[in-house]
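In what follows, a structure is listed as structure tokens, so that the remarks can point back to it.
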Amino acid sequence: MKAVVMAGGEGSRLRPLTANRPKPLVPVCNRPIMEHIIELLKEHGIRDVVATLYYLSDEIQSYFGDGSDFGVDIKYSVETVPLGTAGSVKKAEEHLRDGTFIIVSGDALTDCDLSKAVEFHKQKGSLATLVLYRVPAPLEFGVVITDEDGRVTRFLEKPSWSEVFSDTVNTGIYILEPEIFDMMAAGKPYDWSGDIFPKLLEDGKPLFGYVMGEYWSDIGSLQQYREAQEHLLSGRLRLALPGQPIASGVLAGPNAQIDESATIVPPVAIGRNCKIKKGSRIGPYTVIGDNVFIEEDANVDRSVIWDSTYIGPSVGIHSAIVCSRATIKRHSIVREDAVIGDRCLIDVGCTIRPRVKLWPDKIVERGSTVTMSLVWGNKWRGNLFRELGVAGLSNIEITPDFACRLGSAFGSCFDPKSKIVTSRDSTRSSRMIKRALMAALLSVGCDVLDLRSAPLPVARHFIKASGAAGGVSVRKLPGNSRVTLIEMMDSSGEYIGRSLERKVESAFFREDFKRTDPDDLGIIEFVSRAVEEYQHDYFRLLPQTSSGKRLRIVCDYGYSAIATMMPAMLGRLGVETISLNAFNDAKQAPRNRQEVERHIQNLAQIVGTLGYDFGALFTEEGERLTLVDHRGEVIQGNTLLAVLGTLVAETHPHSKIALSVTVPTLLEDTLRQGGAEILRTKSDVRSLMTSSLLEGVSFAGDERGGFIFPQMHPGFDAPFSLGMLVAMLQSTGRNLTELADAMPQFKLAYEQVRVPFEVKGSVMRRISEATQGHTQVEMLDGIKIHDNDSWVLVLPDALEPVFHVYAESSEERQSRQLVGSYSKKISELVGPIA
């Protein structure tokens, strides 16, 4: 059976609690209301969930993701305009047509025995069953009247006392058969109580009411919100609570520290990483969220304290609600039924009078007495992560303040004392931002292993080799020296996954950071042997060659940090080298196409003049490689990828090679003929790195000079790629120039078409519909249409309002025609839609 969780409500009656979050995410005993509902569904064997969303839908999707972290499978149906309680479910009809389903409100609390309700529904042969609940004062609810058999006979929506003929009210929990959708037209607003159920009653269809005997509350007011906490703590509401019992009636999460002189009066629930200092008195009927600090002699009773709040010495909080990241300084008093919004600051010696509400981000000056509510402020929001990480204009968008919040968000996703590796390029802005990130990581309890200025391949390798929990690198964005790029990596050295990105983003925008006691702040260790450890694994993992020609190579290090280590490493390989631009100055590093071309031309001239075997240009902080042969001919792009892939196939029999979907089929065929197995990936860097970690993959690369040998680490590594090239050339006796000349000519064409974001989906749908007659269509990444010896790939850009169009055929002219034809089709499709 499937369930629909109605999670689109604004929760306006709970403001300011819902000023920054939807009502389903409001916590009850340190767990969002909707999470309690999902746990209830799981308890009754329901794991397929459809959530209907409207208000702050991104927040709910960010928290629950696909549901896998919660043991369920969640699909979302997001309303752009309100469709009513029934219309929103109609919108999700495609997921619900295969059998009986249940609807549950995502912003009401219940421990209803859903299995008994479903059994009642089936016994009665009902088309729709309403779960009912008896309340003492039904004026604010929809009253439902049933006969002795449970059949519904009458509805009364929010009656007056003269109309109250029953105390059984509609809970918003329904059990329905899919035939109910036949009564609704798509895209039109409908309400269950106002439209659908009265129509069923009028038509004499089987409509029943099941009266539940368990707990139910719609949490329709701030008072009911506090009462729900008390009911859950007292056991009247039987739902599982996070934390472990540490005393009778007292639950505490991991790493909670409670001074032995503090008094805890049950029932009390205490979250993770909390610290309660001496002389404090907590309880009864009190909930303390995660990462809360309560200083000496504070008194908190019958109150709800959300995450990451600071409560100073001798503060009194009585029957109140305090939201996330609030700071309440010493000797302040918060009276009954007051509400303190997110990130409010209550200075020393203040008094918040009963029933006063402070909206988020308010500051109450020292010694003030607040007698009336202060209205809420605004919150900046946006998307943080791009393809490689977080990027923005240096010291304009990416500022130390921004970096501190980002570092706190990233560090808050790890356990205390986790080790995070930090590194940067040599620019002043990167140094500034890295130091802000380091300070933030220390503030949330992470230890920092600082590499200072280090090549990105060395940083990735050290993250993997040191056993660190993750890493942060700060550098200028490849292609734009005015933009700072902050890259975040996991314990393997790969970019963090999308799931962790969402958590970091959620913590950043909510400012939901851990608070760490000054005694538990992280420490900095300046790493001194990262390069030596990289070099150790470099030579350990390179193929051992007993003989071979002594190669002579001209290396242009592009003003990167690898210039300090690479000449000696090549010397150890028996390579004679000449070094160009061999000092660390990221400000002069080639970034845009014109700068890279100038370096290539200079390198080609020098190699040709000196008669060296070849030249190598290192770009993007040692991530990417371009070669020049002894004639001064440039070896790059797919030709360089084919050369390295061919050598890998020859020296590593039956090797598995990962290639982007944009790489020519002719290149794939060449490598297959050499005995390699080919694994196609999506076109982005992240997918290529992830694929390199799959079992059996020995090499991965793209057409822009980025190559991965995963035994070293799962990132692009030009120094190791050059070492592998030297070792493989020596062991096979092959000549680079002859090998490059033997590669096929790739007849690949490419164009970019501007497509507004709002019509991207429509254009892709129409292209997909137009390709239904083709025999071979791939949808690994974009739409790739094969036709005999040619193919066309239409690929929407993940971040920009453009489509990328690639084509390959046996003739360059034909490839250009294919690209031009599809580009024209896309432009024609954009016109009428836009």
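Ordered as shown in the structure tokens, chains take letters A, B, and onward, while each chain numbers its residues from 1 and ligands are numbered from 1 in the order shown.
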
For Arg482 in chain A, please output as a ChimeraX atom specification all residues within 9 Å (counting only C-alpha atoms; exclusion window: fewer than 5 positions along the same chain).
-> /A:392-394,476-477

Close residues, Leu570 in chain A itself excluded, 9 Å, only C-alpha atoms, min 6 positions apart in chain, as a ChimeraX atom specification = /A:576-577,723

Kindly save the residues from that selection, with C-alpha atoms included, as a PDB file, in the first residue's frame.
ATOM      1  CA  GLU A 576      66.137  14.784 -18.477  1.00  0.00           C
ATOM      2  CA  THR A 577      64.034  17.911 -18.081  1.00  0.00           C
ATOM      3  CA  GLY A 723      54.713   9.607 -14.764  1.00  0.00           C
TER       4      GLY A 723
END

Name the residues of range 384-509 of chain A that come out as strand (DSSP E) in a backbone DSSP run; write them as a PyMOL selection string.
-> chain A and resi 390-393+419-424+447-453+470-477+480-489

I need the residues from that last selection saved to file as a PDB file, in the first residue's frame (with C-alpha atoms), if you can.
ATOM      1  CA  VAL A 390      30.895  26.813  -4.424  1.00  0.00           C
ATOM      2  CA  ALA A 391      32.013  29.679  -6.665  1.00  0.00           C
ATOM      3  CA  GLY A 392      31.636  33.453  -6.638  1.00  0.00           C
ATOM      4  CA  LEU A 393      33.419  36.734  -7.234  1.00  0.00           C
ATOM      5  CA  LYS A 419      39.833  15.721  10.674  1.00  0.00           C
ATOM      6  CA  ILE A 420      39.394  18.049   7.688  1.00  0.00           C
ATOM      7  CA  VAL A 421      42.252  18.744   5.268  1.00  0.00           C
ATOM      8  CA  THR A 422      42.563  22.319   3.956  1.00  0.00           C
ATOM      9  CA  SER A 423      44.616  23.578   1.013  1.00  0.00           C
ATOM     10  CA  ARG A 424      44.753  26.507  -1.428  1.00  0.00           C
ATOM     11  CA  ASP A 447      40.384  19.382  13.672  1.00  0.00           C
ATOM     12  CA  VAL A 448      42.174  20.942  10.700  1.00  0.00           C
ATOM     13  CA  LEU A 449      45.112  19.407   8.825  1.00  0.00           C
ATOM     14  CA  ASP A 450      46.453  22.366   6.871  1.00  0.00           C
ATOM     15  CA  LEU A 451      48.562  21.857   3.740  1.00  0.00           C
ATOM     16  CA  ARG A 452      48.825  25.603   3.134  1.00  0.00           C
ATOM     17  CA  SER A 453      49.556  26.095  -0.604  1.00  0.00           C
ATOM     18  CA  GLY A 470      37.040  15.212   4.192  1.00  0.00           C
ATOM     19  CA  GLY A 471      38.795  18.194   2.714  1.00  0.00           C
ATOM     20  CA  VAL A 472      38.362  21.762   1.475  1.00  0.00           C
ATOM     21  CA  SER A 473      40.394  23.370  -1.301  1.00  0.00           C
ATOM     22  CA  VAL A 474      40.309  27.062  -2.236  1.00  0.00           C
ATOM     23  CA  ARG A 475      41.581  28.256  -5.617  1.00  0.00           C
ATOM     24  CA  LYS A 476      40.774  30.497  -8.540  1.00  0.00           C
ATOM     25  CA  LEU A 477      38.131  29.077 -10.856  1.00  0.00           C
ATOM     26  CA  ASN A 480      38.266  33.042 -14.578  1.00  0.00           C
ATOM     27  CA  SER A 481      40.831  34.642 -12.281  1.00  0.00           C
ATOM     28  CA  ARG A 482      38.233  36.900 -10.624  1.00  0.00           C
ATOM     29  CA  VAL A 483      36.204  34.004  -9.261  1.00  0.00           C
ATOM     30  CA  THR A 484      37.063  32.001  -6.146  1.00  0.00           C
ATOM     31  CA  LEU A 485      36.217  28.298  -6.136  1.00  0.00           C
ATOM     32  CA  ILE A 486      35.744  26.349  -2.896  1.00  0.00           C
ATOM     33  CA  GLU A 487      35.811  22.586  -3.462  1.00  0.00           C
ATOM     34  CA  MET A 488      34.679  20.099  -0.833  1.00  0.00           C
ATOM     35  CA  MET A 489      35.879  16.499  -0.852  1.00  0.00           C
TER      36      MET A 489
END

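Remark: for Met34 in chain A, the closest of the candidate residues A:Glu703, A:Leu109, A:Val49, A:Leu207 is A:Leu109 (distances computed over only C-alpha atoms).
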
Give me, as JSON lines, the closest atom pair and its distance (Å, one decimal) for every residue of range 496-545 of chain A within a cut-off of 9 Å of range 270-284 of chain A, counting only C-alpha atoms, rows sorted by chain and rising number.
{"residue": "A:Lys514", "atom": "CA", "partner": "A:Asn273", "partner_atom": "CA", "distance": 8.1}
{"residue": "A:Arg515", "atom": "CA", "partner": "A:Asn273", "partner_atom": "CA", "distance": 8.3}
{"residue": "A:Thr516", "atom": "CA", "partner": "A:Asn273", "partner_atom": "CA", "distance": 8.3}
{"residue": "A:Asp517", "atom": "CA", "partner": "A:Lys275", "partner_atom": "CA", "distance": 7.8}

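Note that the spacing between CA of Asp113 in chain A and CA of Leu237 in chain A amounts to 12.2 Å.
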
May I have the residues within 8 Å of range 827-831 of chain A as a PyMOL selection string, using only C-alpha atoms and disregarding those fewer than 3 positions away in the same chain?
-> chain A and resi 753-755+759+763+766+823-824+834

Among the residues of range 30-220 of chain A, find those DSSP assigns to helix (DSSP H, G or I) from the backbone and print them as a PyMOL selection string.
-> chain A and resi 33-43+57-64+68-70+84-91+93-95+114-124+138-140+161-163+178-183+192-203

Considering only C-alpha atoms, state which residue in the set A:Cys29, A:Val663, A:Met728, A:Ile60 is at the smallest distance from Tyr285 in chain A.
->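 Closest candidate: A:Cys29.
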
Test item: residues at most 12 Å from Ser115 in chain A, only C-alpha atoms, excluding those fewer than 5 positions along its chain, as a PyMOL selection string | chain A and resi 1+40-46+102+120-122+131+175+210+212

Tell me which of A:Ser731, A:Arg572, A:Asp741, A:Phe539 sits closest to Ile635 in chain A, counting only C-alpha atoms.
-> A:Asp741

Excluding Pro416 in chain A and residues on its chain fewer than 4 positions from it, collect all residues at most 9 Å away from it, counting only C-alpha atoms, and give them as a list in words.
->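 So the residues in contact are Asn273, Gly411, Ser412, Val444, Gly445, Cys446, Asp447, Thr516, Asp520 and Gly522 of chain A.
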
Those residues you just picked out, can you put them in a file as a CSV table (one decimal), in the first residue's frame with all heavy atoms?
chain,number,residue,atom,x,y,z
A,273,ASN,N,24.8,16.4,21.3
A,273,ASN,CA,25.9,17.4,21.5
A,273,ASN,C,25.5,18.6,22.3
A,273,ASN,O,26.0,19.7,22.2
A,273,ASN,CB,26.3,17.9,20.1
A,273,ASN,CG,26.8,16.8,19.2
A,273,ASN,OD1,27.5,15.9,19.6
A,273,ASN,ND2,26.3,16.8,17.9
A,411,GLY,N,31.4,21.7,8.4
A,411,GLY,CA,31.9,21.0,9.6
A,411,GLY,C,30.8,20.5,10.4
A,411,GLY,O,31.0,19.4,11.1
A,412,SER,N,29.6,21.1,10.4
A,412,SER,CA,28.5,20.6,11.2
A,412,SER,C,28.0,19.3,10.7
A,412,SER,O,27.2,18.6,11.4
A,412,SER,CB,27.4,21.7,11.2
A,412,SER,OG,27.8,22.8,11.9
A,444,VAL,N,33.2,24.6,15.1
A,444,VAL,CA,32.2,23.5,15.2
A,444,VAL,C,32.9,22.2,15.7
A,444,VAL,O,32.2,21.1,15.6
A,444,VAL,CB,31.4,23.3,13.9
A,444,VAL,CG1,30.6,24.5,13.6
A,444,VAL,CG2,32.4,22.9,12.7
A,445,GLY,N,34.1,22.2,16.1
A,445,GLY,CA,34.7,21.1,16.8
A,445,GLY,C,35.5,20.2,15.8
A,445,GLY,O,36.0,19.1,16.3
A,446,CYS,N,35.8,20.6,14.6
A,446,CYS,CA,36.6,19.8,13.7
A,446,CYS,C,38.1,20.1,13.9
A,446,CYS,O,38.4,21.3,14.1
A,446,CYS,CB,36.2,20.0,12.2
A,446,CYS,SG,34.5,19.4,11.8
A,447,ASP,N,38.9,19.1,13.7
A,447,ASP,CA,40.4,19.4,13.7
A,447,ASP,C,40.8,19.6,12.2
A,447,ASP,O,40.3,19.0,11.3
A,447,ASP,CB,41.2,18.2,14.2
A,447,ASP,CG,40.9,18.0,15.7
A,447,ASP,OD1,40.6,19.0,16.4
A,447,ASP,OD2,41.1,16.9,16.2
A,516,THR,N,30.0,24.6,19.8
A,516,THR,CA,31.0,23.8,20.5
A,516,THR,C,31.5,24.6,21.7
A,516,THR,O,31.8,25.8,21.6
A,516,THR,CB,32.2,23.5,19.6
A,516,THR,OG1,31.7,22.7,18.5
A,516,THR,CG2,33.2,22.6,20.3
A,520,ASP,N,36.2,22.4,23.8
A,520,ASP,CA,36.2,21.4,22.8
A,520,ASP,C,36.4,21.8,21.4
A,520,ASP,O,36.2,21.1,20.4
A,520,ASP,CB,34.8,20.7,22.9
A,520,ASP,CG,34.5,20.1,24.2
A,520,ASP,OD1,35.5,19.6,24.8
A,520,ASP,OD2,33.4,20.1,24.7
A,522,GLY,N,38.3,22.7,17.9
A,522,GLY,CA,39.2,21.9,17.1
A,522,GLY,C,40.6,22.5,17.2
A,522,GLY,O,40.8,23.6,17.7

Measure the distance from CA of Gly213 in chain A to CA of Phe155 in chain A in Å and round it to one decimal.
->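 Calculated distance between CA of Gly213 in chain A and CA of Phe155 in chain A is 20.6 Å.
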
When distances are computed from only C-alpha atoms, which of A:Glu230, A:Glu93, A:Asp717, A:Glu595 shows the smallest separation from Arg624 in chain A?
-> A:Asp717
